[in-house]
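Novice: The structure file work.csv (CSV, N, CA and C atoms and all ligand atoms) is provided below.
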```csv
chain,number,residue,atom,x,y,z
A,1,MET,N,24.3,23.8,26.8
A,1,MET,CA,24.2,23.1,25.5
A,1,MET,C,23.0,23.5,24.7
A,2,ARG,N,23.1,23.7,23.4
A,2,ARG,CA,22.0,24.1,22.6
A,2,ARG,C,21.6,23.0,21.7
A,3,PHE,N,20.3,22.9,21.5
A,3,PHE,CA,19.8,21.9,20.6
A,3,PHE,C,19.2,22.6,19.4
A,4,LYS,N,19.5,22.1,18.3
A,4,LYS,CA,18.9,22.7,17.1
A,4,LYS,C,18.0,21.6,16.5
A,5,ARG,N,16.7,22.0,16.4
A,5,ARG,CA,15.8,21.2,15.8
A,5,ARG,C,15.7,21.4,14.3
A,6,ILE,N,16.0,20.4,13.5
A,6,ILE,CA,15.9,20.6,12.0
A,6,ILE,C,14.6,20.1,11.5
A,7,VAL,N,13.8,21.1,11.1
A,7,VAL,CA,12.5,20.7,10.5
A,7,VAL,C,12.6,20.7,9.0
A,8,TYR,N,12.7,19.5,8.5
A,8,TYR,CA,12.9,19.3,7.1
A,8,TYR,C,11.7,18.7,6.4
A,9,ARG,N,10.7,18.4,7.2
A,9,ARG,CA,9.5,17.6,6.7
A,9,ARG,C,8.2,18.3,7.1
A,10,ASN,N,7.5,18.6,6.1
A,10,ASN,CA,6.2,19.3,6.3
A,10,ASN,C,5.1,18.2,6.0
A,11,ASP,N,4.3,18.0,7.0
A,11,ASP,CA,3.3,16.9,6.9
A,11,ASP,C,2.0,17.4,6.2
A,12,ASP,N,1.9,18.6,5.7
A,12,ASP,CA,0.7,19.1,5.1
A,12,ASP,C,0.7,18.5,3.7
A,13,SER,N,-0.1,17.4,3.5
A,13,SER,CA,-0.1,16.7,2.2
A,13,SER,C,-0.9,17.4,1.2
A,14,TYR,N,-1.6,18.4,1.6
A,14,TYR,CA,-2.5,19.2,0.7
A,14,TYR,C,-1.6,20.2,-0.1
A,15,ASN,N,-0.5,20.5,0.4
A,15,ASN,CA,0.4,21.5,-0.2
A,15,ASN,C,1.4,20.7,-1.1
A,16,SER,N,1.2,20.8,-2.4
A,16,SER,CA,2.0,20.0,-3.3
A,16,SER,C,3.4,20.6,-3.6
A,17,ASN,N,3.6,21.8,-3.0
A,17,ASN,CA,4.9,22.4,-3.1
A,17,ASN,C,6.0,21.8,-2.2
A,18,ASP,N,5.6,20.9,-1.4
A,18,ASP,CA,6.5,20.4,-0.3
A,18,ASP,C,7.3,19.2,-0.7
A,19,TRP,N,7.4,18.9,-2.0
A,19,TRP,CA,8.1,17.7,-2.5
A,19,TRP,C,9.6,17.8,-2.2
A,20,HIS,N,10.1,19.0,-2.0
A,20,HIS,CA,11.5,19.2,-1.8
A,20,HIS,C,12.0,18.6,-0.5
A,21,TYR,N,11.1,18.3,0.4
A,21,TYR,CA,11.6,17.7,1.7
A,21,TYR,C,12.1,16.3,1.5
A,22,ASN,N,11.8,15.6,0.4
A,22,ASN,CA,12.3,14.3,0.2
A,22,ASN,C,13.8,14.4,-0.2
A,23,HIS,N,14.7,14.0,0.7
A,23,HIS,CA,16.1,14.1,0.3
A,23,HIS,C,16.6,12.8,-0.2
A,24,PHE,N,15.7,11.8,-0.4
A,24,PHE,CA,16.2,10.5,-0.8
A,24,PHE,C,15.2,9.9,-1.8
A,25,ASN,N,15.7,9.0,-2.6
A,25,ASN,CA,14.9,8.3,-3.5
A,25,ASN,C,14.7,6.9,-3.0
A,26,ILE,N,13.7,6.2,-3.5
A,26,ILE,CA,13.5,4.8,-3.2
A,26,ILE,C,13.5,4.0,-4.4
A,27,LEU,N,13.9,2.7,-4.2
A,27,LEU,CA,13.8,1.7,-5.3
A,27,LEU,C,12.6,0.8,-5.0
A,28,PHE,N,11.6,0.9,-5.9
A,28,PHE,CA,10.4,0.2,-5.7
A,28,PHE,C,10.1,-0.6,-7.0
A,29,ASN,N,10.1,-1.9,-7.0
A,29,ASN,CA,9.8,-2.7,-8.1
A,29,ASN,C,10.6,-2.2,-9.4
A,30,ASP,N,11.9,-2.1,-9.2
A,30,ASP,CA,12.8,-1.8,-10.3
A,30,ASP,C,12.6,-0.3,-10.8
A,31,THR,N,12.0,0.5,-10.0
A,31,THR,CA,11.7,1.9,-10.4
A,31,THR,C,12.3,2.8,-9.3
A,32,ILE,N,13.1,3.8,-9.7
A,32,ILE,CA,13.6,4.7,-8.7
A,32,ILE,C,12.7,5.9,-8.7
A,33,THR,N,12.1,6.2,-7.5
A,33,THR,CA,11.1,7.3,-7.5
A,33,THR,C,11.2,8.0,-6.1
A,34,LEU,N,10.4,9.0,-5.9
A,34,LEU,CA,10.3,9.7,-4.6
A,34,LEU,C,9.5,8.9,-3.7
A,35,PRO,N,9.7,8.9,-2.4
A,35,PRO,CA,8.9,8.2,-1.5
A,35,PRO,C,7.5,8.9,-1.4
A,36,PRO,N,6.4,8.2,-1.1
A,36,PRO,CA,5.1,8.8,-1.1
A,36,PRO,C,4.9,9.8,0.0
A,37,MET,N,4.0,10.8,-0.3
A,37,MET,CA,3.7,11.8,0.7
A,37,MET,C,2.9,11.2,1.8
A,38,LYS,N,2.9,12.0,2.9
A,38,LYS,CA,2.1,11.5,4.1
A,38,LYS,C,0.7,11.2,3.7
A,39,GLY,N,0.2,10.0,4.1
A,39,GLY,CA,-1.2,9.6,3.8
A,39,GLY,C,-1.4,9.0,2.4
A,40,THR,N,-0.3,8.8,1.7
A,40,THR,CA,-0.5,8.2,0.4
A,40,THR,C,0.4,7.0,0.2
A,41,GLY,N,0.1,6.2,-0.8
A,41,GLY,CA,0.9,5.0,-1.0
A,41,GLY,C,1.2,4.9,-2.5
A,42,LEU,N,2.2,4.1,-2.8
A,42,LEU,CA,2.5,3.8,-4.2
A,42,LEU,C,2.1,2.4,-4.6
A,43,LEU,N,1.4,2.3,-5.7
A,43,LEU,CA,0.9,1.0,-6.1
A,43,LEU,C,1.6,0.6,-7.4
A,44,TYR,N,2.1,-0.6,-7.5
A,44,TYR,CA,2.8,-1.1,-8.7
A,44,TYR,C,1.9,-2.0,-9.4
A,45,TYR,N,1.8,-1.8,-10.7
A,45,TYR,CA,1.0,-2.7,-11.5
A,45,TYR,C,1.5,-2.7,-13.0
A,46,LYS,N,2.1,-3.8,-13.5
A,46,LYS,CA,2.5,-3.9,-14.8
A,46,LYS,C,3.4,-2.8,-15.3
A,47,GLY,N,4.5,-2.6,-14.5
A,47,GLY,CA,5.5,-1.6,-14.9
A,47,GLY,C,5.1,-0.2,-14.6
A,48,GLU,N,3.9,0.1,-14.1
A,48,GLU,CA,3.5,1.5,-13.8
A,48,GLU,C,3.3,1.6,-12.3
A,49,ILE,N,3.7,2.8,-11.8
A,49,ILE,CA,3.5,3.1,-10.4
A,49,ILE,C,2.5,4.2,-10.3
A,50,GLU,N,1.4,4.0,-9.6
A,50,GLU,CA,0.4,5.0,-9.4
A,50,GLU,C,0.2,5.3,-7.9
A,51,GLU,N,-0.3,6.5,-7.6
A,51,GLU,CA,-0.4,7.0,-6.2
A,51,GLU,C,-1.8,6.7,-5.7
A,52,VAL,N,-2.0,6.2,-4.5
A,52,VAL,CA,-3.3,5.9,-4.0
A,52,VAL,C,-3.4,6.7,-2.6
A,53,ILE,N,-4.6,7.2,-2.3
A,53,ILE,CA,-4.8,7.9,-1.1
A,53,ILE,C,-5.2,6.9,0.0
A,54,LEU,N,-4.4,6.9,1.1
A,54,LEU,CA,-4.7,5.9,2.2
A,54,LEU,C,-5.8,6.4,3.1
A,55,PRO,N,-6.4,5.5,3.8
A,55,PRO,CA,-7.5,6.0,4.8
A,55,PRO,C,-6.9,6.8,5.9
A,56,LYS,N,-7.8,7.8,6.3
A,56,LYS,CA,-7.4,8.7,7.4
A,56,LYS,C,-8.3,8.4,8.6
A,57,TRP,N,-7.8,8.6,9.8
A,57,TRP,CA,-8.6,8.5,11.1
A,57,TRP,C,-9.4,7.2,11.1
A,58,ASN,N,-10.8,7.3,11.0
A,58,ASN,CA,-11.6,6.1,11.1
A,58,ASN,C,-12.1,5.7,9.8
A,59,GLU,N,-11.5,6.1,8.7
A,59,GLU,CA,-12.0,5.7,7.4
A,59,GLU,C,-11.7,4.2,7.2
A,60,PRO,N,-12.6,3.5,6.4
A,60,PRO,CA,-12.3,2.1,6.2
A,60,PRO,C,-11.1,1.9,5.2
A,61,ALA,N,-10.6,0.7,5.1
A,61,ALA,CA,-9.5,0.4,4.2
A,61,ALA,C,-10.0,0.6,2.8
A,62,ILE,N,-9.1,1.1,1.9
A,62,ILE,CA,-9.5,1.4,0.5
A,62,ILE,C,-9.4,0.2,-0.4
A,63,PHE,N,-10.3,0.2,-1.4
A,63,PHE,CA,-10.3,-0.8,-2.4
A,63,PHE,C,-9.3,-0.5,-3.5
A,64,LEU,N,-8.3,-1.4,-3.7
A,64,LEU,CA,-7.2,-1.1,-4.6
A,64,LEU,C,-7.5,-1.5,-6.0
A,65,GLY,N,-8.3,-2.6,-6.2
A,65,GLY,CA,-8.6,-3.0,-7.5
A,65,GLY,C,-8.9,-4.5,-7.6
A,66,ALA,N,-9.4,-5.0,-8.7
A,66,ALA,CA,-9.7,-6.4,-8.8
A,66,ALA,C,-8.4,-7.2,-9.2
A,67,VAL,N,-7.7,-6.8,-10.2
A,67,VAL,CA,-6.5,-7.5,-10.6
A,67,VAL,C,-5.3,-6.8,-10.2
A,68,LYS,N,-5.3,-5.5,-9.9
A,68,LYS,CA,-4.1,-4.9,-9.4
A,68,LYS,C,-4.3,-4.6,-7.9
A,69,GLY,N,-3.1,-4.4,-7.2
A,69,GLY,CA,-3.1,-4.2,-5.8
A,69,GLY,C,-2.9,-5.5,-5.0
A,70,HIS,N,-2.4,-6.5,-5.7
A,70,HIS,CA,-2.0,-7.7,-5.1
A,70,HIS,C,-0.5,-7.8,-4.6
A,71,LEU,N,0.2,-6.8,-5.0
A,71,LEU,CA,1.6,-6.7,-4.6
A,71,LEU,C,1.7,-5.7,-3.5
A,72,PRO,N,2.8,-5.8,-2.6
A,72,PRO,CA,2.9,-4.9,-1.5
A,72,PRO,C,3.0,-3.4,-1.9
A,73,LEU,N,2.3,-2.6,-1.2
A,73,LEU,CA,2.4,-1.1,-1.5
A,73,LEU,C,3.6,-0.5,-0.8
A,74,TYR,N,4.1,0.6,-1.3
A,74,TYR,CA,5.1,1.4,-0.6
A,74,TYR,C,4.3,2.6,0.0
A,75,ILE,N,4.1,2.5,1.4
A,75,ILE,CA,3.2,3.5,2.0
A,75,ILE,C,3.9,4.5,2.9
A,76,ASN,N,3.3,5.6,3.0
A,76,ASN,CA,3.7,6.6,4.0
A,76,ASN,C,2.4,6.7,4.9
A,77,CYS,N,2.4,6.0,6.0
A,77,CYS,CA,1.2,5.8,6.8
A,77,CYS,C,0.7,7.2,7.4
A,78,PHE,N,-0.6,7.3,7.3
A,78,PHE,CA,-1.2,8.6,7.8
A,78,PHE,C,-1.2,8.6,9.4
A,79,HIS,N,-1.3,7.4,10.0
A,79,HIS,CA,-1.5,7.3,11.4
A,79,HIS,C,-0.1,7.3,12.2
A,80,CYS,N,0.8,6.6,11.7
A,80,CYS,CA,2.2,6.6,12.3
A,80,CYS,C,3.1,7.2,11.2
A,81,ASP,N,4.4,7.2,11.6
A,81,ASP,CA,5.3,7.8,10.6
A,81,ASP,C,6.1,6.8,9.8
A,82,TYR,N,5.5,5.7,9.6
A,82,TYR,CA,6.1,4.6,8.9
A,82,TYR,C,6.2,4.9,7.4
A,83,VAL,N,7.3,4.8,6.8
A,83,VAL,CA,7.5,4.9,5.4
A,83,VAL,C,8.2,3.7,4.9
A,84,GLY,N,7.5,2.9,4.0
A,84,GLY,CA,8.2,1.7,3.5
A,84,GLY,C,7.1,0.8,3.0
A,85,VAL,N,7.6,-0.5,2.8
A,85,VAL,CA,6.7,-1.5,2.2
A,85,VAL,C,5.7,-2.0,3.3
A,86,CYS,N,4.5,-2.2,2.9
A,86,CYS,CA,3.5,-2.7,3.9
A,86,CYS,C,3.4,-4.2,3.8
A,87,ASN,N,2.8,-4.8,4.9
A,87,ASN,CA,2.6,-6.2,5.0
A,87,ASN,C,1.4,-6.6,4.2
A,88,ILE,N,1.4,-7.8,3.6
A,88,ILE,CA,0.2,-8.3,2.9
A,88,ILE,C,-0.2,-9.6,3.5
A,89,GLU,N,-1.4,-9.8,3.5
A,89,GLU,CA,-2.0,-11.1,3.9
A,89,GLU,C,-2.9,-11.6,2.9
A,90,ARG,N,-2.7,-12.8,2.4
A,90,ARG,CA,-3.6,-13.4,1.4
A,90,ARG,C,-4.7,-14.3,2.1
A,91,LYS,N,-5.9,-13.9,1.8
A,91,LYS,CA,-7.0,-14.7,2.4
A,91,LYS,C,-7.8,-15.4,1.3
A,92,LYS,N,-8.4,-16.5,1.7
A,92,LYS,CA,-9.2,-17.2,0.7
A,92,LYS,C,-10.6,-16.7,0.7
A,93,GLY,N,-11.0,-16.0,-0.3
A,93,GLY,CA,-12.3,-15.3,-0.4
A,93,GLY,C,-13.2,-16.0,-1.4
A,94,VAL,N,-14.2,-15.3,-1.8
A,94,VAL,CA,-15.2,-15.8,-2.7
A,94,VAL,C,-14.5,-16.2,-4.0
A,95,THR,N,-13.6,-15.4,-4.5
A,95,THR,CA,-13.0,-15.7,-5.8
A,95,THR,C,-12.2,-17.0,-5.8
A,96,HIS,N,-11.6,-17.3,-4.7
A,96,HIS,CA,-10.8,-18.5,-4.6
A,96,HIS,C,-11.7,-19.8,-4.7
A,97,TYR,N,-12.9,-19.7,-4.1
A,97,TYR,CA,-13.8,-20.9,-4.1
A,97,TYR,C,-14.5,-21.0,-5.4
A,98,LEU,N,-14.9,-19.8,-6.0
A,98,LEU,CA,-15.5,-19.9,-7.3
A,98,LEU,C,-14.5,-20.5,-8.4
A,99,LEU,N,-13.3,-20.1,-8.3
A,99,LEU,CA,-12.2,-20.6,-9.1
A,99,LEU,C,-12.0,-22.1,-8.9
A,100,GLY,N,-12.2,-22.5,-7.6
A,100,GLY,CA,-12.0,-23.9,-7.2
A,100,GLY,C,-13.1,-24.7,-7.9
A,101,LEU,N,-14.4,-24.2,-7.9
A,101,LEU,CA,-15.5,-24.9,-8.5
A,101,LEU,C,-15.3,-25.0,-10.0
A,102,ALA,N,-14.7,-24.0,-10.6
A,102,ALA,CA,-14.6,-24.0,-12.1
A,102,ALA,C,-13.5,-24.9,-12.5
A,103,THR,N,-12.5,-25.1,-11.7
A,103,THR,CA,-11.3,-25.9,-12.1
A,103,THR,C,-11.4,-27.3,-11.4
A,104,PHE,N,-12.5,-27.7,-10.8
A,104,PHE,CA,-12.8,-28.9,-10.1
A,104,PHE,C,-11.7,-29.1,-9.0
A,105,GLY,N,-11.5,-28.1,-8.3
A,105,GLY,CA,-10.6,-28.2,-7.1
A,105,GLY,C,-9.1,-28.0,-7.4
A,106,VAL,N,-8.7,-27.9,-8.6
A,106,VAL,CA,-7.3,-27.9,-8.9
A,106,VAL,C,-6.7,-26.6,-8.3
A,107,SER,N,-7.4,-25.5,-8.5
A,107,SER,CA,-6.8,-24.2,-8.1
A,107,SER,C,-6.9,-24.0,-6.6
A,108,MET,N,-7.7,-24.9,-5.9
A,108,MET,CA,-7.8,-24.8,-4.4
A,108,MET,C,-6.4,-25.1,-3.8
A,109,CYS,N,-5.6,-25.8,-4.5
A,109,CYS,CA,-4.2,-26.2,-3.9
A,109,CYS,C,-3.2,-25.0,-4.1
A,110,THR,N,-3.6,-24.0,-4.8
A,110,THR,CA,-2.7,-22.9,-5.0
A,110,THR,C,-3.2,-21.6,-4.3
A,111,THR,N,-2.5,-20.5,-4.5
A,111,THR,CA,-3.0,-19.2,-3.9
A,111,THR,C,-3.8,-18.4,-5.0
A,112,LEU,N,-4.1,-19.1,-6.1
A,112,LEU,CA,-4.8,-18.4,-7.2
A,112,LEU,C,-6.2,-17.8,-6.7
A,113,GLY,N,-6.5,-16.6,-7.0
A,113,GLY,CA,-7.8,-16.0,-6.7
A,113,GLY,C,-8.0,-15.6,-5.3
A,114,THR,N,-6.9,-15.6,-4.5
A,114,THR,CA,-7.0,-15.2,-3.1
A,114,THR,C,-7.1,-13.6,-3.0
A,115,ASP,N,-7.8,-13.2,-2.0
A,115,ASP,CA,-7.8,-11.7,-1.7
A,115,ASP,C,-6.6,-11.3,-1.0
A,116,THR,N,-6.1,-10.0,-1.3
A,116,THR,CA,-4.9,-9.5,-0.7
A,116,THR,C,-5.3,-8.4,0.3
A,117,HIS,N,-4.9,-8.4,1.5
A,117,HIS,CA,-5.1,-7.4,2.5
A,117,HIS,C,-3.8,-6.7,2.9
A,118,HIS,N,-3.8,-5.4,2.9
A,118,HIS,CA,-2.6,-4.7,3.2
A,118,HIS,C,-2.6,-4.1,4.6
A,119,TYR,N,-1.5,-4.2,5.3
A,119,TYR,CA,-1.5,-3.7,6.7
A,119,TYR,C,-0.2,-2.9,6.9
A,120,CYS,N,-0.3,-1.8,7.6
A,120,CYS,CA,0.9,-1.1,8.0
A,120,CYS,C,1.7,-1.9,9.0
A,121,PRO,N,3.0,-2.1,8.8
A,121,PRO,CA,3.7,-3.0,9.7
A,121,PRO,C,4.0,-2.3,11.1
A,122,CYS,N,3.8,-1.0,11.2
A,122,CYS,CA,4.1,-0.3,12.4
A,122,CYS,C,2.9,-0.2,13.3
A,123,CYS,N,1.8,0.3,12.8
A,123,CYS,CA,0.6,0.5,13.6
A,123,CYS,C,-0.4,-0.6,13.4
A,124,LEU,N,-0.1,-1.5,12.5
A,124,LEU,CA,-1.0,-2.7,12.2
A,124,LEU,C,-2.4,-2.3,11.7
A,125,ARG,N,-2.6,-1.1,11.2
A,125,ARG,CA,-3.9,-0.8,10.7
A,125,ARG,C,-4.0,-1.3,9.2
A,126,LYS,N,-5.2,-1.7,8.9
A,126,LYS,CA,-5.5,-2.2,7.5
A,126,LYS,C,-5.6,-1.0,6.6
A,127,VAL,N,-4.8,-0.9,5.6
A,127,VAL,CA,-4.8,0.3,4.7
A,127,VAL,C,-5.6,0.0,3.4
A,128,GLY,N,-5.5,-1.2,2.9
A,128,GLY,CA,-6.2,-1.4,1.7
A,128,GLY,C,-6.4,-2.9,1.4
A,129,TYR,N,-7.2,-3.2,0.4
A,129,TYR,CA,-7.4,-4.6,0.0
A,129,TYR,C,-7.7,-4.7,-1.5
A,130,ALA,N,-7.5,-5.9,-2.0
A,130,ALA,CA,-7.7,-6.1,-3.4
A,130,ALA,C,-8.4,-7.5,-3.6
A,131,LYS,N,-9.5,-7.5,-4.3
A,131,LYS,CA,-10.2,-8.7,-4.5
A,131,LYS,C,-11.1,-8.6,-5.7
A,132,LEU,N,-11.3,-9.8,-6.3
A,132,LEU,CA,-12.0,-9.8,-7.6
A,132,LEU,C,-13.5,-9.6,-7.4
A,133,PHE,N,-14.1,-10.4,-6.4
A,133,PHE,CA,-15.5,-10.3,-6.1
A,133,PHE,C,-15.8,-9.8,-4.7
A,201,ZN,ZN,0.9,3.0,10.4
```
Written as structure tokens, how would this file's structure read?
Ligand SMILES: [Zn+2]
Specialist:
Amino acid sequence: MRFKRIVYRNDDSYNSNDWHYNHFNILFNDTITLPPMKGTGLLYYKGEIEEVILPKWNEPAIFLGAVKGHLPLYINCFHCDYVGVCNIERKKGVTHYLLGLATFGVSMCTTLGTDTHHYCPCCLRKVGYAKLF
């Protein structure tokens, strides 16, 4: 019996000529686009999709922005081969408590002003975070 290995995917993210390996499109926040390249992620903010570079090896999680980056990213994880939407965790940070002081505790009952932390669902590494302060 003969086995044929089909190599359709080049993981060299520095070679931008390799976009042809994507044989499928993704639907991400009402936008049909190509899946992100290895080690990058797609960030949606106000109708626009932009590409972010995810951390490699022992690099720390990337800062996505103050007001943007609170929605799940569509990632192609550098560490594992996961391609898809990442997990988010909302934590109550400094912004949440400052907002709570300003609104006399009203906003403390909501998720307003919380920090968003993004994790790869496959290898559970933290890829990015978004917070105001
Ligand atoms: Zn991963």
Novice: DSSP says alpha helix (DSSP H) for which residues of chain A? Put them as a list of chain:residue names?
Specialist: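 The alpha helix (DSSP H) subset of chain A is A:Val94, A:Thr95, A:His96, A:Tyr97, A:Leu98, A:Leu99, A:Gly100, A:Leu101, A:Ala102.
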Novice: Please determine, counting all atoms listed in the file, which residue among A:Leu99, A:Val83, A:Gly69, A:Asn76 has the shortest atom-to-atom distance to His117 in chain A.
Specialist: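 Of the candidates, the smallest distance to His117 in chain A is held by A:Gly69.
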Novice: Tell me, in Å to one decimal, how far CA of Thr31 in chain A is from atom N of Arg90 in chain A.
Specialist: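 It comes out at 24.2 Å.
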Novice: Please identify all protein, DNA and RNA residues within 6.5 Å of ligand ZN 201 (chain A), counting all atoms listed in the file, and report them as a PyMOL selection string.
Specialist: chain A and resi 77-82+120-125
Novice: What gap, in Å, lies between CA of Trp57 in chain A and CA of Val85 in chain A?
Specialist: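 It comes out at 20.3 Å.
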Novice: By how many Å are CA of Glu89 in chain A and atom N of Leu64 in chain A apart?
Specialist: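 Between these atoms lies a distance of 13.8 Å.
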Novice: List the neighbours of Tyr45 in chain A out to 10 Å using only C-alpha atoms; skip same-chain residues closer than 5 positions along the sequence, and give me the result as a PyMOL selection string.
Specialist: chain A and resi 29+50+67-71
Novice: Smallest atom-to-atom distance to Ile75 in chain A: which of A:Ala102, A:Met108, A:Ala61, A:Leu42, using only N, CA and C atoms?
Specialist: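 Closest candidate: A:Leu42.
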Novice: Using all atoms listed in the file, collect all residues at a distance of at most 5 Å from (-13.4, -15.8, -7.4) as written in the file, then present them as a ChimeraX atom specification.
Specialist: /A:94-96,98-99
Novice: Give the answer as one residue: which of A:Phe133, A:Tyr44, A:Tyr74, A:Phe28 has the shortest atom-to-atom distance to Tyr97 in chain A, using only C-alpha atoms?
Specialist: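 Smallest distance to Tyr97 in chain A is found for A:Phe133.
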Novice: Would you please work out which residue, of A:Gly84, A:Gly65, A:Gly100, A:Gly113, is nearest to Pro36 in chain A when using only N, CA and C atoms?
Specialist: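 For Pro36 in chain A, the nearest of the candidates is A:Gly84.
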Novice: Pick out the closest residue to Cys86 in chain A from this set: A:His118, A:Leu132, A:Val52, A:Met37. Count only N, CA and C atoms.
Specialist: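 Comparing A:His118, A:Leu132, A:Val52, A:Met37 against Cys86 in chain A, the winner is A:His118.
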